[in-house]
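> For reference, this is entry.txt, and it has compact mmCIF, C-alpha atoms.
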```txt
# COMPACT_ATOMS: atom_id res chain seq x y z
CA MET B 137 38.69 17.70 -3.05
CA ALA B 138 35.52 15.81 -4.05
CA SER B 139 35.17 15.39 -7.79
CA LYS B 140 32.71 17.67 -9.52
CA ARG B 141 30.11 16.64 -12.05
CA ASP B 142 30.27 18.15 -15.50
CA TYR B 143 28.25 21.38 -15.53
CA TYR B 144 26.29 20.34 -18.61
CA GLU B 145 25.45 17.03 -16.90
CA VAL B 146 24.27 18.88 -13.79
CA LEU B 147 21.73 20.84 -15.87
CA GLY B 148 20.87 17.84 -18.04
CA LEU B 149 22.13 19.50 -21.24
CA SER B 150 24.43 18.75 -24.12
CA LYS B 151 27.56 20.81 -24.69
CA GLY B 152 25.99 22.65 -27.61
CA ALA B 153 22.95 23.84 -25.60
CA SER B 154 21.66 27.31 -26.43
CA GLU B 155 21.46 30.18 -23.97
CA GLN B 156 17.68 29.75 -23.80
CA GLU B 157 17.99 26.03 -23.08
CA ILE B 158 20.43 26.76 -20.24
CA LYS B 159 18.04 29.29 -18.70
CA LYS B 160 15.09 26.94 -19.04
CA ALA B 161 16.96 24.04 -17.43
CA TYR B 162 18.17 26.20 -14.55
CA ARG B 163 14.72 27.62 -13.96
CA LYS B 164 13.17 24.16 -13.76
CA LEU B 165 15.84 22.61 -11.52
CA SER B 166 16.24 25.58 -9.18
CA LYS B 167 12.51 25.55 -8.48
CA GLN B 168 12.67 21.83 -7.79
CA TYR B 169 15.65 21.88 -5.40
CA HIS B 170 15.57 25.35 -3.77
CA PRO B 171 15.99 24.78 0.00
CA ASP B 172 13.13 27.18 0.78
CA ILE B 173 10.84 24.88 -1.20
CA ASN B 174 12.44 21.43 -1.00
CA GLN B 175 13.14 20.33 2.57
CA LYS B 176 14.50 16.89 1.65
CA ALA B 177 18.03 15.90 2.61
CA GLY B 178 20.55 16.83 -0.04
CA ALA B 179 18.33 19.43 -1.73
CA GLU B 180 20.47 22.35 -0.59
CA GLU B 181 23.67 20.77 -1.92
CA LYS B 182 21.91 19.96 -5.17
CA PHE B 183 20.73 23.57 -5.45
CA LYS B 184 24.27 24.87 -4.90
CA GLU B 185 25.56 22.53 -7.61
CA ILE B 186 22.86 23.74 -10.02
CA SER B 187 23.55 27.41 -9.21
CA GLU B 188 27.30 26.94 -9.74
CA ALA B 189 26.72 25.27 -13.10
CA TYR B 190 24.37 28.03 -14.22
CA GLU B 191 26.76 30.78 -13.09
CA ILE B 192 29.45 29.38 -15.39
CA LEU B 193 27.36 28.34 -18.38
CA SER B 194 25.23 31.51 -18.47
CA ASP B 195 28.33 33.70 -18.76
CA PRO B 196 29.75 33.50 -22.33
CA GLN B 197 33.33 34.20 -21.21
CA LYS B 198 33.27 31.71 -18.33
CA ARG B 199 31.54 29.13 -20.49
CA ALA B 200 34.18 29.46 -23.21
CA ALA B 201 36.93 28.96 -20.62
CA TYR B 202 35.13 25.93 -19.18
CA ASP B 203 34.56 24.39 -22.62
CA GLN B 204 38.25 24.75 -23.43
CA TYR B 205 39.95 24.00 -20.13
CA GLY B 206 37.33 22.35 -17.90
CA PHE B 207 37.12 23.18 -14.20
CA ALA B 208 40.69 24.49 -14.17
CA GLY B 209 39.59 27.29 -16.48
CA THR B 210 37.01 28.67 -14.03
CA ASP B 211 38.09 27.80 -10.50
CA PRO B 212 41.51 28.90 -9.17
CA ASN B 213 41.23 26.43 -6.30
CA TYR B 214 40.39 23.38 -8.38
CA GLY B 215 43.02 20.68 -8.08
CA GLY B 216 42.43 19.16 -11.47
CA GLY B 217 46.10 19.10 -12.52
CA GLY B 218 45.35 21.25 -15.54
CA GLY B 219 48.32 23.52 -14.86
CA PHE B 220 46.42 26.72 -14.05
CA SER B 221 47.01 28.59 -10.84
CA GLY B 222 44.08 30.88 -11.36
CA PHE B 223 41.55 32.10 -13.90
CA GLY B 224 39.20 35.02 -13.67
CA SER B 225 37.51 37.60 -15.82
CA GLN B 226 40.93 38.98 -16.77
CA GLY B 227 42.37 35.63 -17.88
CA PHE B 228 45.19 33.46 -16.59
CA SER B 229 47.44 34.63 -13.80
CA SER B 230 50.11 32.02 -14.60
CA PHE B 231 50.57 28.82 -16.56
CA SER B 232 53.12 26.06 -16.89
CA SER B 233 52.92 22.93 -19.00
CA SER B 234 54.68 21.06 -16.22
CA GLY B 235 51.51 21.19 -14.12
CA PHE B 236 52.79 23.91 -11.76
CA GLY B 237 52.00 27.62 -11.86
CA GLY B 238 55.68 28.52 -12.42
CA PHE B 239 58.66 29.03 -10.09
CA GLU B 240 56.56 30.73 -7.39
CA ASP B 241 54.42 27.61 -6.90
CA ILE B 242 57.48 25.34 -6.72
CA PHE B 243 59.14 27.71 -4.27
CA GLU B 244 56.07 27.88 -2.02
CA SER B 245 55.59 24.11 -2.10
CA PHE B 246 59.08 23.77 -0.56
CA PHE B 247 59.22 26.73 1.78
CA GLY B 248 55.61 27.52 2.75
CA GLY B 249 55.45 31.08 1.52
CA GLY B 250 52.74 33.44 2.67
CA GLY B 251 50.51 32.82 -0.34
CA ARG B 252 50.32 33.93 -3.94
CA ARG B 253 50.10 37.64 -4.59
CA ASP B 254 47.84 38.06 -7.59
CA SER B 255 47.25 41.73 -6.68
CA SER B 256 48.64 44.39 -4.39
CA PRO B 257 47.79 43.93 -0.70
CA ASN B 258 46.74 47.59 -0.72
CA ALA B 259 44.27 47.09 -3.59
CA ALA B 260 40.64 47.95 -2.99
CA ARG B 261 38.48 44.89 -2.38
CA ALA B 262 34.71 44.60 -2.77
CA GLY B 263 32.66 43.58 0.24
CA ALA B 264 30.93 40.24 0.68
CA ASP B 265 27.64 39.48 -1.07
CA LEU B 266 24.54 38.78 1.02
CA GLN B 267 21.32 36.84 0.46
CA TYR B 268 17.77 37.65 1.60
CA SER B 269 14.50 35.74 1.07
CA ILE B 270 11.23 37.61 0.52
CA ASN B 271 7.87 35.89 1.02
CA LEU B 272 5.19 36.88 -1.49
CA THR B 273 1.52 36.04 -1.85
CA PHE B 274 0.37 34.55 -5.14
CA GLU B 275 -1.18 37.89 -6.14
CA GLU B 276 1.89 39.95 -5.15
CA ALA B 277 4.03 37.82 -7.45
CA ILE B 278 1.53 38.25 -10.29
CA PHE B 279 1.20 42.03 -10.13
CA GLY B 280 4.47 43.07 -8.49
CA ILE B 281 4.89 45.14 -5.35
CA GLU B 282 7.35 47.38 -3.55
CA LYS B 283 8.62 46.02 -0.26
CA GLU B 284 11.03 47.47 2.27
CA ILE B 285 13.36 44.93 3.83
CA LYS B 286 15.66 45.22 6.84
CA TYR B 287 18.78 43.21 7.53
CA THR B 288 22.08 43.52 9.38
CA ARG B 289 25.27 44.03 7.39
CA GLU B 290 28.86 45.12 7.91
CA ASP B 291 28.75 48.84 7.13
CA GLU B 292 31.49 51.40 6.80
CA CYS B 293 32.20 52.73 10.28
CA HIS B 294 30.31 56.01 10.75
CA THR B 295 32.99 57.34 13.12
CA CYS B 296 36.19 56.83 11.13
CA HIS B 297 34.55 56.39 7.68
CA GLY B 298 36.37 53.13 7.10
CA SER B 299 39.91 54.22 7.94
CA GLY B 300 39.99 52.35 11.26
CA ALA B 301 41.86 55.26 12.85
CA LYS B 302 40.71 57.52 15.66
CA PRO B 303 39.11 60.73 14.33
CA GLY B 304 41.76 63.38 13.88
CA THR B 305 44.44 60.78 13.17
CA SER B 306 45.33 58.77 10.10
CA PRO B 307 46.95 55.40 9.42
CA VAL B 308 50.67 55.69 8.80
CA THR B 309 53.05 53.68 6.65
CA CYS B 310 53.82 50.39 8.36
CA SER B 311 57.13 50.59 10.21
CA LYS B 312 57.95 46.92 9.59
CA CYS B 313 57.19 46.40 5.90
CA HIS B 314 57.52 50.07 4.90
CA GLY B 315 54.16 49.99 3.10
CA SER B 316 54.71 46.90 0.94
CA GLY B 317 52.45 44.65 3.00
CA GLN B 318 55.09 41.90 2.76
CA ILE B 319 58.12 40.98 4.83
CA ASN B 320 61.11 38.79 3.98
CA VAL B 321 61.57 35.66 6.10
CA GLU B 322 64.79 33.66 6.12
CA ARG B 323 64.56 29.87 6.45
CA GLN B 324 67.15 27.17 6.70
CA THR B 325 66.36 24.48 4.11
CA PRO B 326 68.10 21.36 2.80
CA LEU B 327 69.33 23.54 -0.07
CA GLY B 328 70.73 26.19 2.25
CA ARG B 329 69.41 29.47 3.62
CA MET B 330 66.51 30.77 1.54
CA VAL B 331 64.40 33.90 1.72
CA SER B 332 60.62 33.92 1.17
CA GLN B 333 57.95 36.59 1.48
CA GLN B 334 55.04 36.58 3.92
CA VAL B 335 52.19 38.92 4.79
CA CYS B 336 53.35 41.48 7.31
CA ASP B 337 52.23 40.54 10.82
CA ILE B 338 51.90 44.20 11.88
CA CYS B 339 49.68 45.64 9.12
CA HIS B 340 48.30 42.29 7.88
CA GLY B 341 49.13 43.14 4.28
CA THR B 342 47.57 46.60 4.16
CA GLY B 343 50.85 48.49 4.26
CA LYS B 344 49.30 50.84 6.82
CA GLU B 345 49.71 50.85 10.56
CA ILE B 346 46.98 52.24 12.84
CA ARG B 347 48.63 53.76 15.92
CA GLU B 348 45.39 55.09 17.48
CA LYS B 349 42.41 52.88 16.69
CA CYS B 350 38.82 54.08 16.27
CA SER B 351 36.83 53.48 19.46
CA THR B 352 33.75 52.41 17.49
CA CYS B 353 35.17 49.77 15.13
CA HIS B 354 38.45 49.12 17.01
CA GLY B 355 40.48 49.55 13.87
CA THR B 356 38.50 47.32 11.49
CA GLY B 357 36.85 50.19 9.61
CA HIS B 358 33.51 48.32 9.72
CA GLU B 359 30.60 48.16 12.11
CA SER B 360 27.52 45.94 12.19
CA ARG B 361 24.40 47.98 11.50
CA GLN B 362 20.81 47.44 10.42
CA HIS B 363 20.24 48.42 6.80
CA LYS B 364 17.01 49.16 4.95
CA VAL B 365 16.39 48.96 1.22
CA LYS B 366 13.30 49.10 -0.97
CA VAL B 367 12.82 46.20 -3.37
CA ASN B 368 10.66 46.69 -6.45
CA VAL B 369 9.35 43.16 -7.02
CA PRO B 370 8.69 42.81 -10.77
CA ALA B 371 5.28 41.62 -11.95
CA GLY B 372 5.36 37.96 -12.94
CA VAL B 373 8.15 36.80 -10.65
CA GLU B 374 8.21 33.13 -9.58
CA SER B 375 9.50 31.12 -6.63
CA ALA B 376 13.28 30.60 -6.47
CA GLN B 377 13.97 33.43 -8.90
CA GLN B 378 16.39 36.05 -7.62
CA MET B 379 17.22 39.71 -8.07
CA ARG B 380 20.65 41.27 -7.61
CA LEU B 381 20.79 44.66 -5.88
CA GLN B 382 24.18 46.24 -6.45
CA ASN B 383 26.12 47.70 -3.52
CA GLN B 384 23.59 46.51 -0.94
CA GLY B 385 25.88 43.84 0.51
CA GLU B 386 28.69 44.37 3.02
CA ALA B 387 31.29 47.12 3.00
CA GLY B 388 34.52 46.61 1.09
CA SER B 389 38.05 47.14 2.32
CA ASN B 390 40.76 49.59 1.32
CA GLY B 391 38.13 51.82 -0.22
CA GLY B 392 36.55 48.99 -2.23
CA PRO B 393 32.84 49.01 -3.13
CA TYR B 394 30.06 47.34 -1.22
CA GLY B 395 29.12 43.80 -2.21
CA ASP B 396 25.74 42.91 -3.70
CA LEU B 397 22.49 41.67 -2.18
CA TYR B 398 20.77 38.70 -3.81
CA VAL B 399 17.04 38.71 -3.10
CA ILE B 400 15.37 35.31 -3.52
CA PHE B 401 11.60 35.23 -3.94
CA ARG B 402 9.41 32.63 -2.27
CA VAL B 403 5.84 32.66 -3.63
CA ALA B 404 2.88 31.12 -1.77
CA GLU B 405 0.51 28.81 -3.62
CA SER B 406 -3.00 29.89 -4.59
CA ASP B 407 -6.11 28.18 -3.24
CA ILE B 408 -7.74 27.94 -6.68
CA PHE B 409 -5.11 28.60 -9.34
CA GLU B 410 -2.05 26.74 -10.55
CA ARG B 411 0.73 28.48 -12.43
CA ASP B 412 3.42 27.56 -14.93
CA GLY B 413 5.40 30.65 -15.89
CA SER B 414 2.96 33.15 -17.35
CA GLU B 415 0.25 30.49 -17.88
CA ILE B 416 -2.44 30.04 -15.21
CA PHE B 417 -4.71 27.01 -14.83
CA TYR B 418 -8.16 26.84 -13.22
CA GLU B 419 -10.41 23.79 -12.78
CA LEU B 420 -14.06 24.73 -13.40
CA PRO B 421 -16.61 22.48 -11.64
CA LEU B 422 -19.90 22.07 -13.60
CA ASN B 423 -22.92 19.83 -13.11
CA PHE B 424 -24.38 17.46 -15.69
CA ALA B 425 -27.20 19.81 -16.69
CA GLN B 426 -24.80 22.70 -17.37
CA VAL B 427 -22.59 20.73 -19.74
CA ALA B 428 -25.48 18.88 -21.38
CA LEU B 429 -27.74 21.90 -21.99
CA GLY B 430 -25.11 24.66 -22.11
CA ASP B 431 -24.75 27.62 -19.77
CA GLU B 432 -22.96 30.91 -19.15
CA VAL B 433 -20.87 31.05 -15.99
CA ALA B 434 -18.57 33.49 -14.20
CA VAL B 435 -14.97 32.29 -14.12
CA PRO B 436 -12.42 33.75 -11.69
CA THR B 437 -9.11 35.05 -13.05
CA VAL B 438 -6.32 36.97 -11.35
CA HIS B 439 -7.65 40.03 -13.20
CA GLY B 440 -11.25 39.58 -12.01
CA ASP B 441 -14.24 37.42 -13.01
CA VAL B 442 -15.06 36.95 -16.69
CA LYS B 443 -18.11 35.38 -18.34
CA LEU B 444 -17.58 32.09 -20.15
CA LYS B 445 -20.13 30.45 -22.46
CA ILE B 446 -20.41 26.69 -21.99
CA HIS B 447 -21.66 25.04 -25.14
CA ALA B 448 -24.21 22.22 -24.96
CA GLY B 449 -22.46 18.85 -24.96
CA THR B 450 -19.22 20.08 -23.40
CA GLN B 451 -17.19 17.14 -22.10
CA THR B 452 -15.21 16.87 -18.90
CA GLY B 453 -11.56 17.78 -19.51
CA THR B 454 -12.45 20.41 -22.13
CA ASN B 455 -9.92 23.26 -22.03
CA PHE B 456 -11.07 26.85 -22.60
CA ARG B 457 -8.32 29.42 -23.20
CA LEU B 458 -8.84 32.95 -21.84
CA ARG B 459 -6.24 34.95 -23.73
CA GLY B 460 -4.30 37.57 -21.79
CA LYS B 461 -5.77 36.53 -18.44
CA GLY B 462 -2.61 34.86 -17.18
CA ALA B 463 0.45 36.28 -15.41
CA PRO B 464 2.67 39.02 -16.89
CA LYS B 465 5.59 37.73 -18.93
CA LEU B 466 8.65 38.54 -16.84
CA ARG B 467 11.03 38.72 -19.80
CA GLY B 468 8.62 39.94 -22.42
CA SER B 469 5.51 42.01 -23.00
CA GLY B 470 1.89 41.26 -22.27
CA ASN B 471 0.33 38.47 -20.24
CA GLY B 472 0.07 34.75 -20.65
CA ASP B 473 -3.28 32.96 -20.85
CA GLU B 474 -5.60 31.31 -18.36
CA HIS B 475 -6.59 27.73 -19.11
CA VAL B 476 -10.02 26.76 -17.79
CA VAL B 477 -10.39 22.98 -17.55
CA VAL B 478 -13.94 21.63 -17.19
CA LYS B 479 -14.62 19.02 -14.53
CA VAL B 480 -18.10 17.50 -14.50
CA MET B 481 -19.21 16.85 -10.93
CA THR B 482 -21.15 13.66 -10.18
CA PRO B 483 -23.97 14.40 -7.73
CA LYS B 484 -24.18 12.55 -4.42
CA ASN B 485 -27.18 11.76 -2.20
CA LEU B 486 -29.84 12.28 -4.88
CA ASN B 487 -33.41 12.83 -3.70
CA GLN B 488 -36.29 10.84 -5.13
CA LYS B 489 -37.30 13.49 -7.64
CA GLN B 490 -33.75 13.71 -9.00
CA LYS B 491 -33.55 9.94 -9.31
CA GLU B 492 -36.81 9.79 -11.23
CA ALA B 493 -35.64 12.54 -13.57
CA LEU B 494 -32.42 10.68 -14.32
CA ARG B 495 -34.29 7.41 -14.89
CA SER B 496 -36.58 9.20 -17.32
CA PHE B 497 -33.56 10.60 -19.10
CA ALA B 498 -31.97 7.18 -19.31
CA GLU B 499 -35.17 5.63 -20.71
CA ALA B 500 -35.58 8.43 -23.24
CA SER B 501 -31.97 7.91 -24.31
CA GLY B 502 -32.44 4.15 -24.68
CA TYR B 503 -30.01 3.36 -21.89
CA GLU B 504 -30.53 0.23 -19.83
CA HIS B 505 -30.23 0.86 -16.14
CA SER B 506 -30.85 -1.06 -12.97
CA ASN B 507 -32.12 -0.05 -9.55
CA GLU B 508 -32.58 -1.64 -6.19
CA ASN B 509 -35.93 -3.20 -7.11
CA LYS B 510 -35.13 -4.58 -10.58
CA SER B 511 -31.45 -5.37 -10.41
CA GLU B 512 -30.24 -8.90 -11.07
CA GLY B 513 -26.90 -9.96 -9.72
CA PHE B 514 -24.10 -11.54 -11.75
CA PHE B 515 -24.51 -14.94 -10.13
CA ASP B 516 -28.29 -14.87 -10.70
CA LYS B 517 -27.69 -14.35 -14.44
CA PHE B 518 -25.04 -17.08 -14.41
CA LYS B 519 -27.46 -19.60 -12.85
CA LYS B 520 -30.02 -19.06 -15.61
CA ARG B 521 -27.55 -20.12 -18.35
```
As structure tokens, what does this structure read like?

Amino acid sequence: MASKRDYYEVLGLSKGASEQEIKKAYRKLSKQYHPDINQKAGAEEKFKEISEAYEILSDPQKRAAYDQYGFAGTDPNYGGGGGFSGFGSQGFSSFSSSGFGGFEDIFESFFGGGGRRDSSPNAARAGADLQYSINLTFEEAIFGIEKEIKYTREDECHTCHGSGAKPGTSPVTCSKCHGSGQINVERQTPLGRMVSQQVCDICHGTGKEIREKCSTCHGTGHESRQHKVKVNVPAGVESAQQMRLQNQGEAGSNGGPYGDLYVIFRVAESDIFERDGSEIFYELPLNFAQVALGDEVAVPTVHGDVKLKIHAGTQTGTNFRLRGKGAPKLRGSGNGDEHVVVKVMTPKNLNQKQKEALRSFAEASGYEHSNENKSEGFFDKFKKR
């Protein structure tokens, strides 16, 4: 297995980073590397690495396990030699200081058992999670919107309601494993004849045998169907942010719940605005007369035009703050601000009257200027020295 980078290193954080710092780092990096936004090679793998790091470090329990035991404390499949055979929200399933998960692991390494049994084969299992991307306009992301989405998922079979059996019949206890889901297999080994357990090849670990299968799902209990769900997009959402919709994923097994649907938002850019979180930026073009003499202009915001007074002598780059005219704060109350940055436009293709007016202004201001009739080149001045 390829070595993993430290989760704190992935997010560019120190081990003592706060919850807010973790969220801020994830937000910045996920926007930078999300495959819907970044099409460069390696961006998708980078995004997965960032998402994995955030999943662990944003969960206090998982983070504590990672801080104490490293990757072995969070990933049951990690071959880090830490001595853990599995770790989940309920804690360790087994541990041995020798580096093995106990006698079961040693036994299976010799005799190829049918796999660890951390839970009953008849236990209910949640369905798989799904992912869906929603495209939003700049304005839809600012104000929020309700959208109905359609996608195909593995649903509970409408004919047998998930049992896999023909209507009017029911699964029966497996005749081979007698409902345990496991069978004993004898093997001749260098140490003699040994017995190991494997998943039953008749019921595949369910403990139930379907004699007459459902004609719709052919015994699986699931069928592929189109599913609709309404998504209430919150005001202020940004690109690469996601929303989890519980039980909108695929159907579970053995009576388990549906998985979840993760909706990822992809927001289009605006033609005139730029956005950073709840703050919006607008570049206001003004001519020389407006900034020199002062003016009152209409400035566009996402909430409609507002009047802005330009004081005489305003310089290019001046930043006016329009409070409350930004985007809604997704995890707070109220709106951010709009920042209006002045950009003085230099006129092109002046007519004669405009040129004369500017020359008069320059003379009145005591500025020296040159024109096509009175200009003296650098080398002409040099020759006179």
> Work out how far CA of Gln334 in chain B is from CA of Ser389 in chain B, in Å to one decimal.
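Answer for the CA of Ser389 in chain B to CA of Gln334 in chain B separation: 20.1 Å.
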> Which residues come within 10 Å of Ala264 in chain B, counting only C-alpha atoms, excluding same-chain residues fewer than 4 positions away, as a short mmCIF file (atom, residue, chain, number, x, y, z; two decimals) with C-alpha atoms, keeping the file's coordinate frame?

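Saved the output as result-v7.cif:
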```
data_model
loop_
_atom_site.label_atom_id
_atom_site.label_comp_id
_atom_site.auth_asym_id
_atom_site.auth_seq_id
_atom_site.Cartn_x
_atom_site.Cartn_y
_atom_site.Cartn_z
CA ARG B 289 25.27 44.03 7.39
CA GLU B 290 28.86 45.12 7.91
CA ASN B 383 26.12 47.70 -3.52
CA GLN B 384 23.59 46.51 -0.94
CA GLY B 385 25.88 43.84 0.51
CA GLU B 386 28.69 44.37 3.02
CA ALA B 387 31.29 47.12 3.00
CA GLY B 388 34.52 46.61 1.09
CA PRO B 393 32.84 49.01 -3.13
CA TYR B 394 30.06 47.34 -1.22
CA GLY B 395 29.12 43.80 -2.21
CA ASP B 396 25.74 42.91 -3.70
CA LEU B 397 22.49 41.67 -2.18
#
```
> Which residue gives the smallest distance to Arg163 in chain B among B:Glu374, B:Glu276, B:Glu415, B:Asp337, with all atoms listed in the file counted?
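Smallest distance to Arg163 in chain B is found for B:Glu374.
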> Using all atoms listed in the file, which residue out of B:Ala208, B:His363, B:Ser332, B:Thr450 lies closest to Glu284 in chain B?
B:His363
> How many Å lie between CA of Val308 in chain B and CA of His294 in chain B, rounded to one decimal?
20.5 Å
> Would you list the residues near (14.1, 52.7, 5.7), meaning any protein, DNA or RNA residue with an atom at most 9 Å from that point in file coordinates, counting all atoms listed in the file, as number ranges by chain?
B: 284-286, 363-366
> Skip Pro196 in chain B itself and residues of its chain fewer than 5 positions away, then list as a ChimeraX atom specification all residues within 10 Å of it, counting only C-alpha atoms.
/B:155,201-202
